[in-house]
file run_2.txt (compact mmCIF, C-alpha atoms)
# COMPACT_ATOMS: atom_id res chain seq x y z
CA MET A 16 -33.06 -12.89 16.29
CA LYS A 17 -34.96 -12.07 19.43
CA ILE A 18 -33.75 -8.47 19.43
CA PHE A 19 -35.15 -7.86 15.93
CA LEU A 20 -38.51 -9.17 16.97
CA GLN A 21 -38.44 -6.95 20.02
CA LEU A 22 -37.49 -3.83 18.01
CA GLY A 23 -40.12 -4.62 15.42
CA LEU A 24 -42.78 -4.91 18.11
CA ILE A 25 -41.78 -1.60 19.70
CA LEU A 26 -41.95 0.11 16.31
CA LEU A 27 -45.31 -1.52 15.74
CA ALA A 28 -46.53 -0.16 19.08
CA PHE A 29 -45.51 3.37 18.07
CA CYS A 30 -47.30 2.99 14.74
CA VAL A 31 -50.45 1.68 16.39
CA VAL A 32 -50.57 4.59 18.84
CA ALA A 33 -49.88 7.16 16.10
CA THR A 34 -52.48 5.67 13.76
CA ALA A 35 -55.10 5.47 16.49
CA LEU A 36 -54.48 9.11 17.42
CA LEU A 37 -54.72 10.22 13.79
CA ALA A 38 -57.91 8.26 13.23
CA TYR A 39 -59.42 9.80 16.35
CA VAL A 40 -58.48 13.39 15.43
CA ASN A 41 -59.67 12.82 11.88
CA SER A 42 -63.06 11.56 13.06
CA ILE A 43 -63.57 14.72 15.13
CA THR A 44 -62.27 17.28 12.65
CA LYS A 45 -63.60 15.85 9.38
CA PRO A 46 -67.20 17.08 9.64
CA GLN A 47 -66.00 20.50 10.77
CA ILE A 48 -63.53 20.81 7.87
CA ASP A 49 -66.15 19.70 5.35
CA SER A 50 -68.65 22.27 6.52
CA ILE A 51 -66.01 25.03 6.38
CA GLN A 52 -65.09 24.08 2.83
CA GLN A 53 -68.72 24.05 1.79
CA LYS A 54 -69.21 27.48 3.30
CA GLU A 55 -66.20 28.83 1.45
CA ALA A 56 -67.39 27.45 -1.87
CA GLU A 57 -70.80 28.97 -1.17
CA GLU A 58 -69.19 32.37 -0.52
CA THR A 59 -67.23 32.23 -3.77
CA ARG A 60 -70.43 31.40 -5.64
CA ARG A 61 -72.18 34.38 -4.06
CA LYS A 62 -69.32 36.64 -5.11
CA LEU A 63 -69.62 35.47 -8.70
CA ILE A 64 -73.41 35.90 -8.93
CA PRO A 65 -74.63 38.14 -6.07
CA ASP A 66 -78.19 38.02 -4.65
CA SER A 67 -78.84 34.45 -5.70
CA ASP A 68 -79.76 31.09 -4.27
CA PHE A 69 -77.89 28.07 -5.55
CA GLU A 70 -79.21 24.64 -6.33
CA GLU A 71 -76.68 21.87 -6.68
CA ILE A 72 -77.11 19.47 -9.59
CA GLN A 73 -74.96 16.40 -9.15
CA GLY A 74 -74.00 14.16 -11.99
CA GLU A 75 -71.21 13.45 -14.40
CA PHE A 76 -70.52 17.17 -14.31
CA THR A 77 -71.61 18.83 -11.08
CA TYR A 78 -72.86 22.40 -11.38
CA TYR A 79 -75.08 24.88 -9.59
CA ILE A 80 -78.14 26.70 -10.87
CA ALA A 81 -78.22 30.32 -9.68
CA LYS A 82 -81.71 31.67 -9.06
CA ASP A 83 -82.57 35.23 -8.09
CA SER A 84 -83.28 35.16 -4.35
CA LYS A 85 -86.40 37.33 -4.80
CA THR A 86 -88.02 36.34 -8.08
CA GLY A 87 -86.61 32.81 -8.37
CA GLU A 88 -85.73 33.47 -11.96
CA VAL A 89 -82.77 31.45 -13.31
CA LYS A 90 -79.84 33.81 -13.67
CA GLY A 91 -77.16 31.40 -14.77
CA TYR A 92 -74.91 28.53 -13.76
CA VAL A 93 -71.81 28.16 -11.60
CA PHE A 94 -69.27 25.38 -12.01
CA THR A 95 -65.64 24.51 -11.33
CA ALA A 96 -63.25 23.89 -14.21
CA GLU A 97 -59.92 22.15 -13.83
CA LYS A 98 -56.93 21.49 -16.04
CA ASN A 99 -53.21 20.96 -15.55
CA GLY A 100 -51.14 24.11 -15.81
CA TYR A 101 -47.37 24.40 -15.65
CA ASN A 102 -46.96 23.02 -12.15
CA GLY A 103 -50.15 21.14 -11.34
CA PRO A 104 -53.91 21.49 -11.56
CA VAL A 105 -55.40 24.95 -11.95
CA LYS A 106 -58.95 25.17 -10.60
CA THR A 107 -61.26 27.94 -11.69
CA MET A 108 -64.76 28.64 -10.46
CA ALA A 109 -66.84 30.37 -13.10
CA ALA A 110 -70.33 31.77 -13.53
CA VAL A 111 -72.11 31.90 -16.89
CA ASP A 112 -75.50 33.37 -17.80
CA LYS A 113 -78.35 31.48 -19.46
CA ASP A 114 -76.73 31.91 -22.89
CA TYR A 115 -73.44 30.50 -21.54
CA ASN A 116 -71.61 33.82 -21.70
CA ILE A 117 -69.16 34.27 -18.86
CA ILE A 118 -70.28 36.54 -16.01
CA ALA A 119 -67.17 36.26 -13.84
CA ILE A 120 -64.41 33.81 -12.98
CA ASN A 121 -62.23 33.20 -9.97
CA VAL A 122 -59.06 31.09 -9.99
CA ILE A 123 -59.50 29.24 -6.69
CA GLN A 124 -56.54 26.88 -6.63
CA GLN A 125 -53.20 26.85 -8.41
CA THR A 126 -49.54 26.10 -7.75
CA GLU A 127 -48.00 28.02 -10.63
CA THR A 128 -44.68 29.89 -10.72
CA PRO A 129 -44.64 32.84 -8.32
CA GLY A 130 -44.50 36.13 -10.19
CA LEU A 131 -45.60 34.58 -13.49
CA GLY A 132 -48.40 32.00 -13.40
CA THR A 133 -49.68 33.19 -10.02
CA ASN A 134 -50.75 36.42 -11.74
CA SER A 135 -53.69 34.36 -13.04
CA THR A 136 -55.48 34.93 -9.72
CA GLN A 137 -55.40 38.71 -10.13
CA PRO A 138 -58.34 40.75 -11.38
CA LYS A 139 -56.16 42.18 -14.16
CA PHE A 140 -56.27 38.72 -15.74
CA THR A 141 -59.65 37.37 -14.61
CA ASP A 142 -61.60 40.53 -15.52
CA GLN A 143 -60.96 40.04 -19.23
CA PHE A 144 -63.14 36.89 -19.15
CA LYS A 145 -66.25 38.91 -18.33
CA GLY A 146 -68.79 38.77 -21.14
CA LYS A 147 -66.81 36.33 -23.28
CA THR A 148 -68.68 33.72 -25.31
CA VAL A 149 -67.49 30.14 -25.74
CA GLU A 150 -66.11 30.96 -29.19
CA GLN A 151 -64.09 33.82 -27.75
CA LEU A 152 -62.38 31.53 -25.26
CA ILE A 153 -59.14 31.24 -27.21
CA VAL A 154 -55.69 32.42 -26.19
CA ASP A 155 -54.22 35.13 -28.44
CA LYS A 156 -51.10 33.00 -28.98
CA ASP A 157 -53.31 30.22 -30.40
CA GLY A 158 -54.70 32.43 -33.14
CA GLY A 159 -57.29 34.46 -31.26
CA VAL A 160 -57.98 37.93 -32.64
CA PRO A 161 -58.08 40.77 -30.07
CA PRO A 162 -60.35 41.85 -28.52
CA ASN A 163 -62.33 38.63 -29.07
CA CYS A 164 -59.82 36.42 -27.29
CA ILE A 165 -57.93 35.98 -24.03
CA LYS A 166 -54.68 37.85 -23.71
CA ALA A 167 -51.98 35.54 -22.32
CA ILE A 168 -50.12 36.52 -19.16
CA THR A 169 -46.52 37.46 -20.02
CA GLY A 170 -44.33 34.43 -19.37
CA ALA A 171 -47.28 32.23 -18.43
CA THR A 172 -48.96 31.13 -21.64
CA ILE A 173 -49.37 27.59 -20.31
CA THR A 174 -51.28 28.81 -17.25
CA THR A 175 -53.44 31.04 -19.43
CA ARG A 176 -54.19 28.08 -21.70
CA ALA A 177 -55.09 25.89 -18.72
CA VAL A 178 -57.64 28.41 -17.45
CA THR A 179 -59.08 29.27 -20.86
CA ASN A 180 -59.31 25.73 -22.24
CA SER A 181 -60.67 24.25 -19.01
CA LEU A 182 -63.44 26.85 -19.05
CA LYS A 183 -64.20 26.14 -22.68
CA GLU A 184 -64.44 22.38 -22.10
CA SER A 185 -66.51 22.79 -18.95
CA ILE A 186 -69.00 25.10 -20.64
CA GLU A 187 -69.49 22.52 -23.42
CA MET A 188 -70.10 19.86 -20.76
CA LEU A 189 -72.45 22.16 -18.91
CA LYS A 190 -74.45 22.74 -22.10
CA THR A 191 -75.04 19.02 -22.69
CA GLN A 192 -75.83 18.45 -19.00
CA VAL A 193 -78.38 21.26 -18.86
CA GLN A 194 -80.00 20.08 -22.08
CA THR A 195 -80.33 16.46 -20.96
CA LYS A 196 -81.67 17.63 -17.62
CA ASN A 197 -84.30 19.75 -19.32
CA ILE A 198 -85.47 16.65 -21.17
CA THR A 199 -85.56 14.32 -18.14
CA PRO A 200 -88.18 16.17 -16.03
CA ASN A 201 -90.59 16.10 -18.98
CA GLU A 202 -90.11 12.36 -19.33
CA THR A 203 -90.85 11.69 -15.68
CA GLY A 204 -93.84 14.01 -15.95
CA ALA A 205 -95.14 11.93 -18.83
CA LYS A 206 -94.66 8.75 -16.86
CA GLU A 207 -96.61 10.13 -13.94
CA GLU A 208 -99.51 10.90 -16.21
CA VAL A 209 -99.51 7.34 -17.45
CA ASN A 210 -99.53 6.05 -13.88
CA LYS A 211 -102.54 8.17 -13.05
CA MET B 1 -27.74 31.04 31.68
CA SER B 2 -27.66 27.82 29.75
CA PHE B 3 -31.29 28.30 28.71
CA MET B 4 -30.48 31.66 27.11
CA LYS B 5 -27.39 30.23 25.46
CA GLU B 6 -29.40 27.40 23.91
CA LEU B 7 -31.95 29.93 22.79
CA THR B 8 -29.61 32.35 21.05
CA LYS B 9 -27.27 29.88 19.37
CA GLY B 10 -29.83 29.08 16.66
CA ILE B 11 -30.13 32.67 15.59
CA ILE B 12 -26.58 33.39 14.37
CA LYS B 13 -23.91 30.95 15.51
CA GLU B 14 -25.77 27.81 14.43
CA ASN B 15 -28.34 29.34 12.11
CA PRO B 16 -30.21 26.41 10.50
CA THR B 17 -30.29 27.98 7.04
CA PHE B 18 -26.96 29.77 6.71
CA VAL B 19 -24.70 27.66 8.92
CA ILE B 20 -26.19 24.16 9.20
CA VAL B 21 -27.80 24.49 5.71
CA LEU B 22 -30.86 22.40 6.55
CA GLY B 23 -34.36 22.76 5.16
CA MET B 24 -33.39 24.07 1.74
CA CYS B 25 -36.58 22.85 0.04
CA PRO B 26 -38.97 24.98 2.11
CA THR B 27 -36.46 27.84 1.95
CA LEU B 28 -36.60 27.87 -1.85
CA ALA B 29 -40.35 27.50 -1.92
CA THR B 30 -41.38 30.06 0.67
CA SER B 31 -38.79 32.82 0.46
CA THR B 32 -40.43 34.35 -2.61
CA SER B 33 -42.30 36.86 -0.48
CA VAL B 34 -41.86 38.13 3.06
CA ASN B 35 -45.45 37.19 3.83
CA ASN B 36 -44.80 33.54 2.98
CA ALA B 37 -41.49 33.57 4.84
CA ILE B 38 -43.10 34.72 8.08
CA GLY B 39 -45.89 32.13 7.73
CA MET B 40 -43.54 29.26 7.06
CA GLY B 41 -41.11 30.39 9.76
CA LEU B 42 -43.75 30.57 12.47
CA ALA B 43 -45.44 27.31 11.51
CA ALA B 44 -42.09 25.51 11.50
CA THR B 45 -41.12 27.06 14.84
CA PHE B 46 -44.32 25.82 16.43
CA VAL B 47 -43.89 22.27 15.16
CA LEU B 48 -40.19 22.31 16.05
CA ILE B 49 -40.83 23.27 19.67
CA CYS B 50 -43.53 20.62 20.07
CA SER B 51 -41.59 17.85 18.38
CA ASN B 52 -38.50 18.70 20.45
CA ILE B 53 -40.55 18.41 23.64
CA PHE B 54 -42.02 15.11 22.55
CA ILE B 55 -38.78 13.53 21.37
CA SER B 56 -37.04 14.65 24.54
CA LEU B 57 -39.80 13.05 26.63
CA ILE B 58 -39.66 9.68 24.89
CA LYS B 59 -35.86 9.54 24.53
CA ASN B 60 -35.54 6.99 27.32
CA ILE B 61 -38.11 4.55 25.98
CA THR B 62 -36.99 4.61 22.34
CA PRO B 63 -34.41 1.93 21.53
CA ASP B 64 -31.37 3.49 19.89
CA LYS B 65 -31.46 1.23 16.84
CA ILE B 66 -34.89 2.30 15.67
CA ARG B 67 -34.88 5.93 16.80
CA ILE B 68 -34.99 7.40 13.26
CA PRO B 69 -38.18 5.57 12.18
CA VAL B 70 -39.73 6.46 15.52
CA TYR B 71 -38.96 10.17 14.93
CA VAL B 72 -40.47 9.96 11.46
CA ILE B 73 -43.68 8.47 12.87
CA VAL B 74 -43.87 10.96 15.74
CA ILE B 75 -43.21 14.03 13.57
CA ALA B 76 -45.51 12.96 10.72
CA ALA B 77 -48.34 12.11 13.11
CA PHE B 78 -47.86 15.33 15.01
CA VAL B 79 -47.82 17.52 11.91
CA SER B 80 -50.96 15.82 10.57
CA ILE B 81 -52.77 16.40 13.85
CA VAL B 82 -51.78 20.08 13.82
CA ASP B 83 -52.93 20.36 10.20
CA MET B 84 -56.33 18.77 10.85
CA SER B 85 -57.07 20.67 14.06
CA MET B 86 -56.04 23.96 12.49
CA ALA B 87 -58.24 23.38 9.44
CA ALA B 88 -61.20 22.58 11.68
CA TYR B 89 -60.93 25.20 14.41
CA LEU B 90 -58.75 28.02 13.04
CA PRO B 91 -59.77 28.18 9.39
CA ALA B 92 -58.45 31.73 8.86
CA LEU B 93 -55.00 30.81 10.12
CA HIS B 94 -55.10 27.58 8.17
CA LYS B 95 -55.80 29.48 4.99
CA SER B 96 -52.53 31.41 5.27
CA LEU B 97 -50.37 28.74 6.93
CA GLY B 98 -52.00 25.53 5.67
CA LEU B 99 -49.99 25.66 2.49
CA PHE B 100 -46.77 25.25 4.48
CA ILE B 101 -47.84 22.37 6.71
CA PRO B 102 -47.09 19.59 4.21
CA LEU B 103 -43.71 21.25 3.60
CA ILE B 104 -42.95 21.02 7.31
CA VAL B 105 -43.25 17.21 7.30
CA VAL B 106 -40.30 17.08 4.91
CA ASN B 107 -38.44 19.90 6.65
CA CYS B 108 -35.24 18.26 7.79
CA ILE B 109 -34.55 20.98 10.39
CA ILE B 110 -37.13 19.28 12.60
CA MET B 111 -35.64 15.84 12.02
CA GLY B 112 -32.15 17.25 12.41
CA ARG B 113 -32.87 18.90 15.76
CA ALA B 114 -34.59 15.76 17.05
CA GLU B 115 -31.55 13.68 16.20
CA ALA B 116 -28.82 16.15 17.09
CA TYR B 117 -30.32 17.78 20.15
CA ALA B 118 -33.65 16.71 21.63
CA ASN B 119 -32.76 13.05 22.11
CA LYS B 120 -29.70 13.96 24.19
CA ASN B 121 -31.01 16.85 26.28
CA ASN B 122 -33.74 17.52 28.80
CA VAL B 123 -37.13 19.02 27.99
CA ILE B 124 -36.37 22.60 29.08
CA ASN B 125 -33.24 22.89 26.97
CA SER B 126 -35.01 21.23 24.06
CA ILE B 127 -37.70 23.89 24.20
CA ALA B 128 -35.01 26.60 24.15
CA ASP B 129 -33.33 24.90 21.22
CA GLY B 130 -36.65 24.69 19.36
CA ILE B 131 -37.44 28.36 19.89
CA GLY B 132 -33.93 29.47 18.92
CA MET B 133 -33.72 27.32 15.82
CA GLY B 134 -37.23 28.29 14.79
CA LEU B 135 -36.50 31.99 15.14
CA GLY B 136 -33.18 31.59 13.33
CA PHE B 137 -35.01 29.86 10.48
CA THR B 138 -37.71 32.56 10.39
CA LEU B 139 -35.17 35.38 10.34
CA ALA B 140 -33.09 33.73 7.64
CA LEU B 141 -36.19 33.16 5.51
CA CYS B 142 -37.24 36.77 5.96
CA LEU B 143 -33.79 38.04 4.96
CA VAL B 144 -33.72 35.96 1.77
CA ALA B 145 -37.36 36.82 1.05
CA THR B 146 -36.72 40.56 1.50
CA ILE B 147 -34.06 40.51 -1.22
CA ARG B 148 -36.07 38.26 -3.53
CA GLU B 149 -39.35 40.12 -3.13
CA ILE B 150 -37.87 43.59 -3.58
CA LEU B 151 -35.82 42.66 -6.64
CA GLY B 152 -38.28 40.22 -8.16
CA ASN B 153 -41.58 41.96 -7.50
CA GLY B 154 -40.70 45.50 -6.44
CA THR B 155 -42.58 45.10 -3.17
CA TRP B 156 -41.92 44.33 0.48
CA LEU B 157 -44.70 42.71 2.53
CA ASN B 158 -46.94 43.53 -0.45
CA ILE B 159 -46.14 47.24 -0.12
CA ARG B 160 -44.60 48.77 -3.23
CA VAL B 161 -41.07 50.02 -2.50
CA MET B 162 -39.66 50.28 -6.00
CA PRO B 163 -40.92 52.93 -8.43
CA GLU B 164 -43.68 51.86 -10.86
CA THR B 165 -41.23 51.99 -13.75
CA TYR B 166 -38.98 49.35 -12.13
CA ASP B 167 -38.82 46.26 -14.32
CA PRO B 168 -38.82 43.27 -11.90
CA MET B 169 -35.87 40.88 -12.03
CA LEU B 170 -37.98 37.74 -12.38
CA ILE B 171 -35.08 35.33 -11.94
CA THR B 172 -34.81 36.20 -8.25
CA LEU B 173 -38.28 34.73 -7.74
CA LEU B 174 -37.37 31.45 -9.44
CA ALA B 175 -35.27 28.68 -7.89
CA PRO B 176 -31.91 29.82 -9.36
CA GLY B 177 -32.45 33.25 -7.84
CA ALA B 178 -32.93 31.64 -4.43
CA PHE B 179 -29.61 29.80 -4.72
CA ILE B 180 -27.77 32.92 -5.88
CA THR B 181 -29.22 34.99 -3.03
CA LEU B 182 -28.44 32.27 -0.48
CA GLY B 183 -24.90 31.85 -1.75
CA LEU B 184 -24.18 35.58 -1.62
CA LEU B 185 -25.64 35.88 1.89
CA MET B 186 -23.63 32.90 3.15
CA GLY B 187 -20.47 34.38 1.67
CA LEU B 188 -21.21 37.68 3.32
CA MET B 189 -21.77 36.01 6.68
CA ASN B 190 -18.52 34.06 6.43
CA MET B 191 -16.66 37.23 5.51
CA LEU B 192 -18.03 39.03 8.56
CA LYS B 193 -17.11 36.05 10.76
CA GLU B 194 -13.52 35.97 9.54
CA LYS B 195 -13.06 39.67 10.16
CA LYS B 196 -13.97 39.13 13.79
call {"tool": "encode", "arguments": {"input": "run_2.txt", "output": "structure tokens"}}
result
Amino acid sequence: MKIFLQLGLILLAFCVVATALLAYVNSITKPQIDSIQQKEAEETRRKLIPDSDFEEIQGEFTYYIAKDSKTGEVKGYVFTAEKNGYNGPVKTMAAVDKDYNIIAINVIQQTETPGLGTNSTQPKFTDQFKGKTVEQLIVDKDGGVPPNCIKAITGATITTRAVTNSLKESIEMLKTQVQTKNITPNETGAKEEVNK
Amino acid sequence: MSFMKELTKGIIKENPTFVIVLGMCPTLATSTSVNNAIGMGLAATFVLICSNIFISLIKNITPDKIRIPVYVIVIAAFVSIVDMSMAAYLPALHKSLGLFIPLIVVNCIIMGRAEAYANKNNVINSIADGIGMGLGFTLALCLVATIREILGNGTWLNIRVMPETYDPMLITLLAPGAFITLGLLMGLMNMLKEKK
């Protein structure tokens, strides 16, 4: 009996040391990692809509307003769409203009089949999204009519659907978010007037 | 003399992939392109050397009965620390190798070498064993990846080697292709050995 207790305590000691070390390393590296990730996301946004400043709008659906860095004019919105593909979540960062037509997209994270689904990250696939409207976001296999649809990658229809449908859903969410936001500032403005 | 012998045995005579047949999961996952194979091989070599050193150092204070759980804790903690520090201070390297780090935790070559070698030998020999096994693993991965990438994608290290008209044999990029390639290579190696 005593030997089990002894072994258990030794194992416990190892765990305590390992956990303490991990906690310590995590506390040092976490801020650094966060700032790197933020920088990367910022760079991707800049690639999608060049020469812009971005304002983050947090909420049920987080998105960014892109404003021209010189004139301050609103150029469009950037957001991240996500949906399960064949092998796991497929994340796409996309930019749309003020009328919600797609400016550019970038598949930022996926774990799809090499040689098939991974082709979704290539310009050959992503370039066809440029200029598409919400209505045109339909995969050709689901009844879309070329050229007003998205051509599926050979052997990776599921991945294509994940990207296309996630974008479609996210743009709908973005629309409602932007509209409600445009109402809210007016309301607070009205309240301020009353207070005065 | 003995240092060199420990170093070279992992490359052919006791090759972790072809002879000991350890670490099949990362082999399947990362031998789809030579680029990935090199990344995985080097990351695994690094962790293998360090874990061998560590296990060899603590071999006298670990009770025999609980050595396996202790190895698990040590390796998992070590890999996590490497992952976090790399993400924070070497983001470029982490971008190309980070994908393989979680795969290393479950890479049984590391566990296997800890159990079969590092806990019975001194630190110097354990380092030699780690380097040899790591290089053997890297070379084996590269060999499998060369065949899979050329046949499945028509490229080698992302450079096109097959003519544009070549229709890629997609199956070599999928899991069955990995098993077929591995099986043929093992057969070939055994044939060469018998001839000697």
call {"tool": "closest_residue", "arguments": {"input": "run_2.txt", "among": "B:Arg160, B:Arg148, B:Arg67, B:Arg113", "to": "B:Ile131", "atoms": "all atoms listed in the file"}}
result
B:Arg113
call {"tool": "closest_atom_pairs", "arguments": {"input": "run_2.txt", "of": "chain B", "to": "chain A", "cutoff": "8 Å", "atoms": "only C-alpha atoms", "output": "JSON lines"}}
result
{"residue": "B:Thr32", "atom": "CA", "partner": "A:Pro129", "partner_atom": "CA", "distance": 7.3}
{"residue": "B:Pro63", "atom": "CA", "partner": "A:Leu22", "partner_atom": "CA", "distance": 7.4}
{"residue": "B:Lys65", "atom": "CA", "partner": "A:Leu22", "partner_atom": "CA", "distance": 8.0}
{"residue": "B:Ile66", "atom": "CA", "partner": "A:Leu22", "partner_atom": "CA", "distance": 7.1}
{"residue": "B:Pro69", "atom": "CA", "partner": "A:Leu26", "partner_atom": "CA", "distance": 7.8}
{"residue": "B:Val70", "atom": "CA", "partner": "A:Leu26", "partner_atom": "CA", "distance": 6.8}
{"residue": "B:Ile73", "atom": "CA", "partner": "A:Cys30", "partner_atom": "CA", "distance": 6.8}
{"residue": "B:Val74", "atom": "CA", "partner": "A:Ala33", "partner_atom": "CA", "distance": 7.1}
{"residue": "B:Ala77", "atom": "CA", "partner": "A:Ala33", "partner_atom": "CA", "distance": 6.0}
{"residue": "B:Ser80", "atom": "CA", "partner": "A:Leu37", "partner_atom": "CA", "distance": 7.5}
{"residue": "B:Ile81", "atom": "CA", "partner": "A:Leu37", "partner_atom": "CA", "distance": 6.5}
{"residue": "B:Met84", "atom": "CA", "partner": "A:Thr44", "partner_atom": "CA", "distance": 6.4}
{"residue": "B:Ser85", "atom": "CA", "partner": "A:Thr44", "partner_atom": "CA", "distance": 6.4}
{"residue": "B:Ala87", "atom": "CA", "partner": "A:Ile48", "partner_atom": "CA", "distance": 6.1}
{"residue": "B:Ala88", "atom": "CA", "partner": "A:Ile48", "partner_atom": "CA", "distance": 4.8}
{"residue": "B:Tyr89", "atom": "CA", "partner": "A:Gln47", "partner_atom": "CA", "distance": 7.8}
{"residue": "B:Pro91", "atom": "CA", "partner": "A:Ile51", "partner_atom": "CA", "distance": 7.6}
{"residue": "B:Gly152", "atom": "CA", "partner": "A:Gly130", "partner_atom": "CA", "distance": 7.7}
{"residue": "B:Asn153", "atom": "CA", "partner": "A:Gly130", "partner_atom": "CA", "distance": 7.1}
{"residue": "B:Leu170", "atom": "CA", "partner": "A:Gly130", "partner_atom": "CA", "distance": 7.1}
{"residue": "B:Leu173", "atom": "CA", "partner": "A:Pro129", "partner_atom": "CA", "distance": 6.7}
{"residue": "B:Leu174", "atom": "CA", "partner": "A:Pro129", "partner_atom": "CA", "distance": 7.5}
call {"tool": "residues_around", "arguments": {"input": "run_2.txt", "residues": "A:Lys62", "least_positions_apart": "6", "cutoff": "12 Å", "atoms": "all atoms listed in the file", "output": "ChimeraX atom specification"}}
result
/A:55-56,68,81,93,108-110,118-121
call {"tool": "write_last_selection", "arguments": {"input": "run_2.txt", "atoms": "C-alpha atoms", "output": "mmCIF file, keeping the file's coordinate frame"}}
result
data_model
loop_
_atom_site.group_PDB
_atom_site.id
_atom_site.type_symbol
_atom_site.label_atom_id
_atom_site.label_comp_id
_atom_site.auth_asym_id
_atom_site.auth_seq_id
_atom_site.Cartn_x
_atom_site.Cartn_y
_atom_site.Cartn_z
ATOM 1 C CA GLU A 55 -66.200 28.830 1.450
ATOM 2 C CA ALA A 56 -67.390 27.450 -1.870
ATOM 3 C CA ASP A 68 -79.760 31.090 -4.270
ATOM 4 C CA ALA A 81 -78.220 30.320 -9.680
ATOM 5 C CA VAL A 93 -71.810 28.160 -11.600
ATOM 6 C CA MET A 108 -64.760 28.640 -10.460
ATOM 7 C CA ALA A 109 -66.840 30.370 -13.100
ATOM 8 C CA ALA A 110 -70.330 31.770 -13.530
ATOM 9 C CA ILE A 118 -70.280 36.540 -16.010
ATOM 10 C CA ALA A 119 -67.170 36.260 -13.840
ATOM 11 C CA ILE A 120 -64.410 33.810 -12.980
ATOM 12 C CA ASN A 121 -62.230 33.200 -9.970
#
call {"tool": "residues_around", "arguments": {"input": "run_2.txt", "residues": "A:Thr133", "least_positions_apart": "2", "cutoff": "10 Å", "atoms": "all atoms listed in the file", "output": "count of residues only"}}
result
15
call {"tool": "residues_around", "arguments": {"input": "run_2.txt", "residues": "B:Ile49", "least_positions_apart": "5", "cutoff": "8 Å", "atoms": "all atoms listed in the file", "output": "list of chain:residue names"}}
result
B:Ser126, B:Ile127, B:Asp129, B:Gly130, B:Ile131, B:Gly134
call {"tool": "axis_aligned_box", "arguments": {"input": "run_2.txt", "around": "stretch 127-130 of chain B", "padding_each_side": "8 Å", "output": "AutoDock Vina command-line options"}}
result
--center_x -35.5 --center_y 25.2 --center_z 21.8 --size_x 20.4 --size_y 18.7 --size_z 20.8
call {"tool": "atom_distance", "arguments": {"input": "run_2.txt", "atom1": "atom CA of B:Leu188", "atom2": "atom CA of B:Leu103"}}
result
27.9 Å
call {"tool": "atom_distance", "arguments": {"input": "run_2.txt", "atom1": "atom CA of B:Gly136", "atom2": "atom CA of B:Asn15"}}
result
5.5 Å
call {"tool": "closest_residue", "arguments": {"input": "run_2.txt", "among": "A:Glu57, A:Val149, A:Asp66, A:Ala167", "to": "A:Tyr79", "atoms": "only C-alpha atoms"}}
result
A:Glu57
call {"tool": "atom_distance", "arguments": {"input": "run_2.txt", "atom1": "atom CA of B:Thr17", "atom2": "atom CA of B:Met162"}}
result
27.5 Å
call {"tool": "closest_atom_pairs", "arguments": {"input": "run_2.txt", "of": "stretch 38-153 of chain A", "to": "stretch 183-191 of chain A", "cutoff": "9 Å", "atoms": "only C-alpha atoms", "output": "tab-separated table"}}
result
residue	atom	partner	partner_atom	distance
A:Phe76	CA	A:Met188	CA	7.0
A:Thr77	CA	A:Leu189	CA	8.6
A:Tyr78	CA	A:Leu189	CA	7.5
A:Tyr92	CA	A:Leu189	CA	8.6
A:Phe94	CA	A:Ser185	CA	7.9
A:Thr95	CA	A:Ser185	CA	7.9
A:Ala96	CA	A:Ser185	CA	5.9
A:Glu97	CA	A:Ser185	CA	8.4
A:Val111	CA	A:Ile186	CA	8.4
A:Tyr115	CA	A:Ile186	CA	7.0
A:Val149	CA	A:Lys183	CA	6.0
A:Glu150	CA	A:Lys183	CA	8.3
A:Leu152	CA	A:Lys183	CA	6.2
A:Ile153	CA	A:Lys183	CA	8.5
call {"tool": "build_atoms", "arguments": {"input": "run_2.txt", "residues": "stretch 30-37 of chain B", "atoms": "N, CA and C atoms", "output": "PDB file, in the coordinates of the input"}}
result
ATOM      1  N   THR B  30     -40.604  29.041  -0.045  1.00  0.00           N
ATOM      2  CA  THR B  30     -41.380  30.060   0.670  1.00  0.00           C
ATOM      3  C   THR B  30     -40.675  31.403   0.803  1.00  0.00           C
ATOM      4  N   SER B  31     -39.437  31.524   0.306  1.00  0.00           N
ATOM      5  CA  SER B  31     -38.790  32.820   0.460  1.00  0.00           C
ATOM      6  C   SER B  31     -39.042  33.729  -0.741  1.00  0.00           C
ATOM      7  N   THR B  32     -40.125  33.480  -1.478  1.00  0.00           N
ATOM      8  CA  THR B  32     -40.430  34.350  -2.610  1.00  0.00           C
ATOM      9  C   THR B  32     -41.098  35.640  -2.157  1.00  0.00           C
ATOM     10  N   SER B  33     -41.732  35.622  -0.993  1.00  0.00           N
ATOM     11  CA  SER B  33     -42.300  36.860  -0.480  1.00  0.00           C
ATOM     12  C   SER B  33     -42.180  36.847   1.037  1.00  0.00           C
ATOM     13  N   VAL B  34     -42.077  38.032   1.623  1.00  0.00           N
ATOM     14  CA  VAL B  34     -41.860  38.130   3.060  1.00  0.00           C
ATOM     15  C   VAL B  34     -43.055  37.545   3.816  1.00  0.00           C
ATOM     16  N   ASN B  35     -44.234  37.751   3.252  1.00  0.00           N
ATOM     17  CA  ASN B  35     -45.450  37.190   3.830  1.00  0.00           C
ATOM     18  C   ASN B  35     -45.347  35.679   4.022  1.00  0.00           C
ATOM     19  N   ASN B  36     -44.965  34.990   2.939  1.00  0.00           N
ATOM     20  CA  ASN B  36     -44.800  33.540   2.980  1.00  0.00           C
ATOM     21  C   ASN B  36     -43.717  33.142   3.961  1.00  0.00           C
ATOM     22  N   ALA B  37     -42.629  33.915   3.978  1.00  0.00           N
ATOM     23  CA  ALA B  37     -41.490  33.570   4.840  1.00  0.00           C
ATOM     24  C   ALA B  37     -41.907  33.602   6.297  1.00  0.00           C
TER      25      ALA B  37
END
